[in-house]
Amino acid sequence: MSEDTFRSVEIERTSVGNYVARNVRGGSMSMGTGEDASFTPVELLLAAIGGCTAVDVDYITSRRAEPTQFSVEVSGDKIRDEAGGNRMQNLKVEFTVTFPVGADGDRAREALPRSLQQSHERLCTVSRTVELGTPVSVVEAAGSTGD
């Protein structure tokens with residue numbers, strides 16, 4: 001893969017069940033098992049799905065008018081499937097977006113359904129990756145078992 005397509009994060013254990021995820025730009029966030037306020041990995045997956053679509057929709061619609069309300073709720077059910085594995089199902093991304101009265105707001109309202117569709121069908125890397133079922137490989141780094 002070329003340099004401009006590669007993406008990565010690093011996750012470091014801070015204590016049992018607690019981790020910090022860091023990106024290459026210096027951003028960080030805590031992650032854990034759900035025993036404190038930190039996001040769980042499943043919550044981060046939901047946030048990534050909603051956040052990806054939110055960015056797409058926001059960029060498209062806000063060129064026409066600044067929203068007076070813009071919120072996204074992402075939900076789903078965590079289940080144990082027939083094979084005994086955990087996964088999510090019934091994923092839903094629900095947008096509540098309002099725009100001011102007037103011509104600019106009308107243009108933004110008109111663009112909203114198409115921007116949601118474009119994000120879902122073409123633009124949002126995260127939800128498209130989930131829906132297409134991209135394989136994930138989990139490997140042990142060389143030399144990681146000993147000191």
# chains A, B, ... in the order shown; residues from 1 in each chain; ligands from 1

$ residues_around --residues "stretch 69-76 of chain A" --least-positions-apart "2" --cutoff "8 Å" --atoms "only C-alpha atoms" --output "list in words"
Leu46, Ala47, Ile49, Gly50, Ala54, Pro67, Lys78, Met88, Gln89, Asn90, Leu91, Lys92, Val93, Glu94, Phe95, Thr96, Val97, Thr98 and Phe99 of chain A

$ select_by_dssp --residues "stretch 69-128 of chain A" --states "helix (DSSP H, G or I)" --output "number ranges by chain"
A: 103-123, 125-128

$ residues_around --residues "A:Asp56" --least-positions-apart "6" --cutoff "9 Å" --atoms "only C-alpha atoms" --output "list in words"
Ser115, Leu116, Gln118, Ser119, Leu123 and Cys124 of chain A

$ write_last_selection --atoms "C-alpha atoms" --output "short mmCIF file (atom, residue, chain, number, x, y, z; two decimals), in the first residue's frame"
data_model
loop_
_atom_site.label_atom_id
_atom_site.label_comp_id
_atom_site.auth_asym_id
_atom_site.auth_seq_id
_atom_site.Cartn_x
_atom_site.Cartn_y
_atom_site.Cartn_z
CA SER A 115 -25.73 13.14 1.56
CA LEU A 116 -26.87 10.33 3.88
CA GLN A 118 -23.81 9.03 -0.57
CA SER A 119 -22.08 8.49 2.74
CA LEU A 123 -18.05 7.76 1.14
CA CYS A 124 -17.95 6.31 4.67
#

$ select_by_dssp --residues "stretch 18-108 of chain A" --states "strand (DSSP E or B)" --output "number ranges by chain"
A: 18-23, 28-32, 39, 69-80, 86-98

$ write_last_selection --atoms "N, CA, C and O atoms" --output "tab-separated table (two decimals), in the first residue's frame"
chain	number	residue	atom	x	y	z
A	18	ASN	N	-7.55	-1.68	30.93
A	18	ASN	CA	-7.51	-0.26	30.59
A	18	ASN	C	-6.39	0.00	29.58
A	18	ASN	O	-5.27	-0.50	29.76
A	19	TYR	N	-6.70	0.82	28.58
A	19	TYR	CA	-5.78	1.04	27.47
A	19	TYR	C	-5.88	2.48	27.00
A	19	TYR	O	-6.87	3.16	27.24
A	20	VAL	N	-4.86	2.92	26.30
A	20	VAL	CA	-4.86	4.22	25.64
A	20	VAL	C	-4.61	3.97	24.16
A	20	VAL	O	-3.64	3.29	23.80
A	21	ALA	N	-5.49	4.48	23.33
A	21	ALA	CA	-5.30	4.41	21.88
A	21	ALA	C	-4.70	5.73	21.42
A	21	ALA	O	-5.16	6.81	21.85
A	22	ARG	N	-3.67	5.65	20.58
A	22	ARG	CA	-3.00	6.85	20.08
A	22	ARG	C	-2.93	6.81	18.56
A	22	ARG	O	-2.69	5.76	17.98
A	23	ASN	N	-3.11	7.99	17.95
A	23	ASN	CA	-2.93	8.08	16.50
A	23	ASN	C	-1.59	8.75	16.19
A	23	ASN	O	-0.91	9.25	17.10
A	28	SER	N	-5.07	11.04	21.59
A	28	SER	CA	-5.19	9.83	22.40
A	28	SER	C	-6.57	9.79	23.05
A	28	SER	O	-7.21	10.83	23.25
A	29	MET	N	-7.00	8.57	23.36
A	29	MET	CA	-8.25	8.40	24.11
A	29	MET	C	-8.17	7.10	24.89
A	29	MET	O	-7.52	6.15	24.48
A	30	SER	N	-8.85	7.11	26.04
A	30	SER	CA	-8.84	5.91	26.87
A	30	SER	C	-9.90	4.93	26.40
A	30	SER	O	-10.91	5.31	25.82
A	31	MET	N	-9.62	3.67	26.65
A	31	MET	CA	-10.51	2.59	26.24
A	31	MET	C	-10.43	1.53	27.32
A	31	MET	O	-9.38	1.33	27.92
A	32	GLY	N	-11.55	0.87	27.56
A	32	GLY	CA	-11.52	-0.15	28.59
A	32	GLY	C	-12.66	-1.14	28.47
A	32	GLY	O	-13.27	-1.29	27.41
A	39	PHE	N	-14.53	4.55	26.92
A	39	PHE	CA	-15.27	3.85	25.87
A	39	PHE	C	-14.82	2.40	25.80
A	39	PHE	O	-13.64	2.09	25.94
A	69	GLN	N	-29.07	22.17	14.69
A	69	GLN	CA	-28.91	20.96	15.49
A	69	GLN	C	-28.30	19.90	14.59
A	69	GLN	O	-28.69	19.75	13.43
A	70	PHE	N	-27.34	19.15	15.13
A	70	PHE	CA	-26.71	18.07	14.38
A	70	PHE	C	-26.29	17.01	15.39
A	70	PHE	O	-25.33	17.20	16.13
A	71	SER	N	-27.05	15.93	15.46
A	71	SER	CA	-26.68	14.85	16.37
A	71	SER	C	-26.92	13.51	15.68
A	71	SER	O	-27.75	13.39	14.78
A	72	VAL	N	-26.15	12.54	16.11
A	72	VAL	CA	-26.20	11.21	15.52
A	72	VAL	C	-26.27	10.20	16.66
A	72	VAL	O	-25.47	10.28	17.60
A	73	GLU	N	-27.20	9.27	16.57
A	73	GLU	CA	-27.26	8.17	17.53
A	73	GLU	C	-27.01	6.88	16.78
A	73	GLU	O	-27.66	6.60	15.76
A	74	VAL	N	-26.06	6.10	17.26
A	74	VAL	CA	-25.72	4.83	16.64
A	74	VAL	C	-26.02	3.74	17.66
A	74	VAL	O	-25.60	3.83	18.81
A	75	SER	N	-26.75	2.73	17.22
A	75	SER	CA	-27.15	1.67	18.15
A	75	SER	C	-27.06	0.31	17.47
A	75	SER	O	-26.96	0.22	16.24
A	76	GLY	N	-27.11	-0.72	18.26
A	76	GLY	CA	-27.11	-2.08	17.76
A	76	GLY	C	-27.18	-3.04	18.92
A	76	GLY	O	-27.14	-2.63	20.09
A	77	ASP	N	-27.31	-4.31	18.62
A	77	ASP	CA	-27.38	-5.35	19.63
A	77	ASP	C	-26.12	-6.20	19.60
A	77	ASP	O	-25.75	-6.71	18.54
A	78	LYS	N	-25.48	-6.36	20.76
A	78	LYS	CA	-24.34	-7.26	20.87
A	78	LYS	C	-24.89	-8.64	21.20
A	78	LYS	O	-25.58	-8.82	22.19
A	79	ILE	N	-24.58	-9.61	20.34
A	79	ILE	CA	-25.13	-10.95	20.51
A	79	ILE	C	-24.03	-12.00	20.47
A	79	ILE	O	-22.91	-11.72	20.04
A	80	ARG	N	-24.37	-13.19	20.89
A	80	ARG	CA	-23.53	-14.36	20.68
A	80	ARG	C	-24.24	-15.14	19.58
A	80	ARG	O	-25.39	-15.54	19.74
A	86	ASN	N	-19.06	-13.57	19.50
A	86	ASN	CA	-19.71	-12.28	19.76
A	86	ASN	C	-19.67	-11.43	18.50
A	86	ASN	O	-18.67	-11.43	17.77
A	87	ARG	N	-20.73	-10.70	18.27
A	87	ARG	CA	-20.78	-9.74	17.16
A	87	ARG	C	-21.94	-8.79	17.37
A	87	ARG	O	-22.76	-8.98	18.26
A	88	MET	N	-22.00	-7.78	16.54
A	88	MET	CA	-23.09	-6.80	16.58
A	88	MET	C	-24.06	-7.09	15.45
A	88	MET	O	-23.66	-7.55	14.37
A	89	GLN	N	-25.32	-6.81	15.70
A	89	GLN	CA	-26.33	-6.89	14.64
A	89	GLN	C	-27.31	-5.73	14.85
A	89	GLN	O	-27.27	-5.05	15.86
A	90	ASN	N	-28.18	-5.54	13.88
A	90	ASN	CA	-29.19	-4.47	13.92
A	90	ASN	C	-28.55	-3.09	14.09
A	90	ASN	O	-29.06	-2.25	14.83
A	91	LEU	N	-27.44	-2.86	13.40
A	91	LEU	CA	-26.78	-1.56	13.49
A	91	LEU	C	-27.65	-0.50	12.82
A	91	LEU	O	-28.17	-0.70	11.72
A	92	LYS	N	-27.78	0.64	13.50
A	92	LYS	CA	-28.62	1.73	13.00
A	92	LYS	C	-27.94	3.05	13.29
A	92	LYS	O	-27.47	3.28	14.41
A	93	VAL	N	-27.89	3.91	12.29
A	93	VAL	CA	-27.33	5.25	12.43
A	93	VAL	C	-28.48	6.22	12.19
A	93	VAL	O	-29.02	6.28	11.09
A	94	GLU	N	-28.84	6.97	13.22
A	94	GLU	CA	-30.00	7.87	13.13
A	94	GLU	C	-29.54	9.32	13.30
A	94	GLU	O	-28.96	9.68	14.32
A	95	PHE	N	-29.83	10.12	12.29
A	95	PHE	CA	-29.45	11.53	12.28
A	95	PHE	C	-30.62	12.40	12.69
A	95	PHE	O	-31.74	12.20	12.22
A	96	THR	N	-30.36	13.39	13.53
A	96	THR	CA	-31.30	14.46	13.83
A	96	THR	C	-30.59	15.74	13.43
A	96	THR	O	-29.64	16.16	14.10
A	97	VAL	N	-31.02	16.32	12.32
A	97	VAL	CA	-30.36	17.51	11.79
A	97	VAL	C	-31.43	18.53	11.43
A	97	VAL	O	-32.41	18.20	10.75
A	98	THR	N	-31.24	19.75	11.90
A	98	THR	CA	-32.14	20.84	11.52
A	98	THR	C	-31.31	22.01	11.02
A	98	THR	O	-30.15	22.19	11.41

$ closest_residue --among "A:Leu45, A:Ser38, A:Gly85, A:Ser8" --to "A:Val130" --atoms "only C-alpha atoms"
A:Leu45

$ closest_residue --among "A:Asp81, A:Glu66, A:Asp58, A:Glu121" --to "A:Pro100" --atoms "only C-alpha atoms"
A:Glu66

$ residues_around --residues "A:Gly34" --least-positions-apart "5" --cutoff "10 Å" --atoms "only C-alpha atoms" --output "ChimeraX atom specification"
/A:17-18,39-43

$ residues_around --residues "A:Asp106" --least-positions-apart "2" --cutoff "12 Å" --atoms "only C-alpha atoms" --output "PyMOL selection string"
chain A and resi 61-62+64-67+98-104+108-112

$ write_last_selection --atoms "all heavy atoms" --output "short mmCIF file (atom, residue, chain, number, x, y, z; two decimals), in the first residue's frame"
data_model
loop_
_atom_site.label_atom_id
_atom_site.label_comp_id
_atom_site.auth_asym_id
_atom_site.auth_seq_id
_atom_site.Cartn_x
_atom_site.Cartn_y
_atom_site.Cartn_z
N THR A 61 -23.65 19.16 3.75
CA THR A 61 -24.79 20.04 4.05
C THR A 61 -24.38 21.41 4.58
O THR A 61 -25.03 22.41 4.27
CB THR A 61 -25.75 19.38 5.07
OG1 THR A 61 -25.04 19.08 6.27
CG2 THR A 61 -26.37 18.11 4.48
N SER A 62 -23.31 21.49 5.35
CA SER A 62 -22.93 22.78 5.94
C SER A 62 -22.37 23.75 4.91
O SER A 62 -22.24 24.94 5.21
CB SER A 62 -21.96 22.59 7.10
OG SER A 62 -20.73 22.08 6.65
N ARG A 64 -24.07 24.57 2.54
CA ARG A 64 -25.30 25.27 2.17
C ARG A 64 -25.82 26.11 3.33
O ARG A 64 -26.28 27.23 3.14
CB ARG A 64 -26.34 24.27 1.72
CG ARG A 64 -25.95 23.62 0.38
CD ARG A 64 -26.49 22.19 0.27
NE ARG A 64 -26.16 21.59 -1.02
CZ ARG A 64 -25.04 20.94 -1.29
NH1 ARG A 64 -24.10 20.83 -0.37
NH2 ARG A 64 -24.83 20.41 -2.47
N ALA A 65 -25.78 25.55 4.56
CA ALA A 65 -26.22 26.28 5.75
C ALA A 65 -25.64 25.60 6.99
O ALA A 65 -25.51 24.37 7.03
CB ALA A 65 -27.75 26.30 5.84
N GLU A 66 -25.35 26.39 7.99
CA GLU A 66 -24.87 25.87 9.27
C GLU A 66 -26.06 25.25 10.01
O GLU A 66 -27.09 25.90 10.18
CB GLU A 66 -24.25 27.01 10.09
CG GLU A 66 -23.63 26.60 11.38
CD GLU A 66 -22.40 25.73 11.21
OE1 GLU A 66 -21.76 25.74 10.14
OE2 GLU A 66 -22.07 25.02 12.19
N PRO A 67 -25.95 24.00 10.43
CA PRO A 67 -27.09 23.38 11.12
C PRO A 67 -27.35 24.04 12.48
O PRO A 67 -26.41 24.47 13.15
CB PRO A 67 -26.67 21.92 11.29
CG PRO A 67 -25.19 21.91 11.17
CD PRO A 67 -24.82 23.08 10.31
N THR A 98 -31.24 19.75 11.90
CA THR A 98 -32.14 20.84 11.52
C THR A 98 -31.31 22.01 11.02
O THR A 98 -30.15 22.19 11.41
CB THR A 98 -33.03 21.30 12.70
OG1 THR A 98 -32.19 21.69 13.78
CG2 THR A 98 -33.96 20.18 13.16
N PHE A 99 -31.93 22.76 10.14
CA PHE A 99 -31.28 23.92 9.53
C PHE A 99 -32.16 25.15 9.71
O PHE A 99 -33.37 25.02 9.90
CB PHE A 99 -31.02 23.66 8.04
CG PHE A 99 -30.09 22.52 7.79
CD1 PHE A 99 -30.57 21.26 7.48
CD2 PHE A 99 -28.72 22.69 7.90
CE1 PHE A 99 -29.73 20.19 7.27
CE2 PHE A 99 -27.85 21.62 7.70
CZ PHE A 99 -28.36 20.38 7.37
N PRO A 100 -31.58 26.33 9.63
CA PRO A 100 -32.37 27.55 9.82
C PRO A 100 -33.39 27.74 8.69
O PRO A 100 -33.24 27.20 7.60
CB PRO A 100 -31.32 28.66 9.80
CG PRO A 100 -30.14 28.09 9.12
CD PRO A 100 -30.17 26.61 9.35
N VAL A 101 -34.40 28.53 8.99
CA VAL A 101 -35.41 28.90 7.99
C VAL A 101 -34.74 29.79 6.95
O VAL A 101 -33.87 30.59 7.27
CB VAL A 101 -36.58 29.64 8.67
CG1 VAL A 101 -37.58 30.15 7.66
CG2 VAL A 101 -37.25 28.74 9.70
N GLY A 102 -35.13 29.61 5.70
CA GLY A 102 -34.60 30.46 4.64
C GLY A 102 -34.05 29.63 3.49
O GLY A 102 -34.02 28.39 3.54
N ALA A 103 -33.61 30.32 2.47
CA ALA A 103 -33.16 29.66 1.24
C ALA A 103 -31.95 28.75 1.48
O ALA A 103 -31.90 27.64 0.96
CB ALA A 103 -32.83 30.71 0.18
N ASP A 104 -30.98 29.22 2.27
CA ASP A 104 -29.81 28.38 2.56
C ASP A 104 -30.21 27.13 3.32
O ASP A 104 -29.76 26.02 3.02
CB ASP A 104 -28.76 29.17 3.34
CG ASP A 104 -28.08 30.24 2.51
OD1 ASP A 104 -28.21 30.21 1.26
OD2 ASP A 104 -27.43 31.12 3.12
N ALA A 108 -29.87 23.13 2.27
CA ALA A 108 -29.25 22.13 3.15
C ALA A 108 -30.22 20.98 3.43
O ALA A 108 -29.83 19.81 3.38
CB ALA A 108 -28.80 22.78 4.44
N ARG A 109 -31.49 21.30 3.72
CA ARG A 109 -32.49 20.25 3.96
C ARG A 109 -32.65 19.37 2.72
O ARG A 109 -32.80 18.16 2.82
CB ARG A 109 -33.84 20.87 4.34
CG ARG A 109 -33.99 21.16 5.80
CD ARG A 109 -35.39 21.66 6.14
NE ARG A 109 -35.63 23.01 5.64
CZ ARG A 109 -35.13 24.11 6.19
NH1 ARG A 109 -34.37 24.03 7.27
NH2 ARG A 109 -35.39 25.30 5.69
N GLU A 110 -32.62 19.99 1.57
CA GLU A 110 -32.75 19.25 0.31
C GLU A 110 -31.55 18.32 0.08
O GLU A 110 -31.69 17.22 -0.44
CB GLU A 110 -32.88 20.24 -0.85
CG GLU A 110 -33.17 19.60 -2.18
CD GLU A 110 -33.34 20.65 -3.26
OE1 GLU A 110 -34.22 21.52 -3.11
OE2 GLU A 110 -32.55 20.61 -4.24
N ALA A 111 -30.38 18.75 0.51
CA ALA A 111 -29.16 17.96 0.31
C ALA A 111 -29.01 16.83 1.33
O ALA A 111 -28.26 15.89 1.09
CB ALA A 111 -27.93 18.87 0.39
N LEU A 112 -29.72 16.91 2.45
CA LEU A 112 -29.54 15.94 3.53
C LEU A 112 -29.80 14.50 3.11
O LEU A 112 -28.93 13.64 3.32
CB LEU A 112 -30.39 16.33 4.74
CG LEU A 112 -30.25 15.43 5.97
CD1 LEU A 112 -28.82 15.39 6.48
CD2 LEU A 112 -31.21 15.89 7.07
#

$ atom_distance --atom1 "atom CA of A:Ser15" --atom2 "atom CA of A:Pro135"
29.1 Å
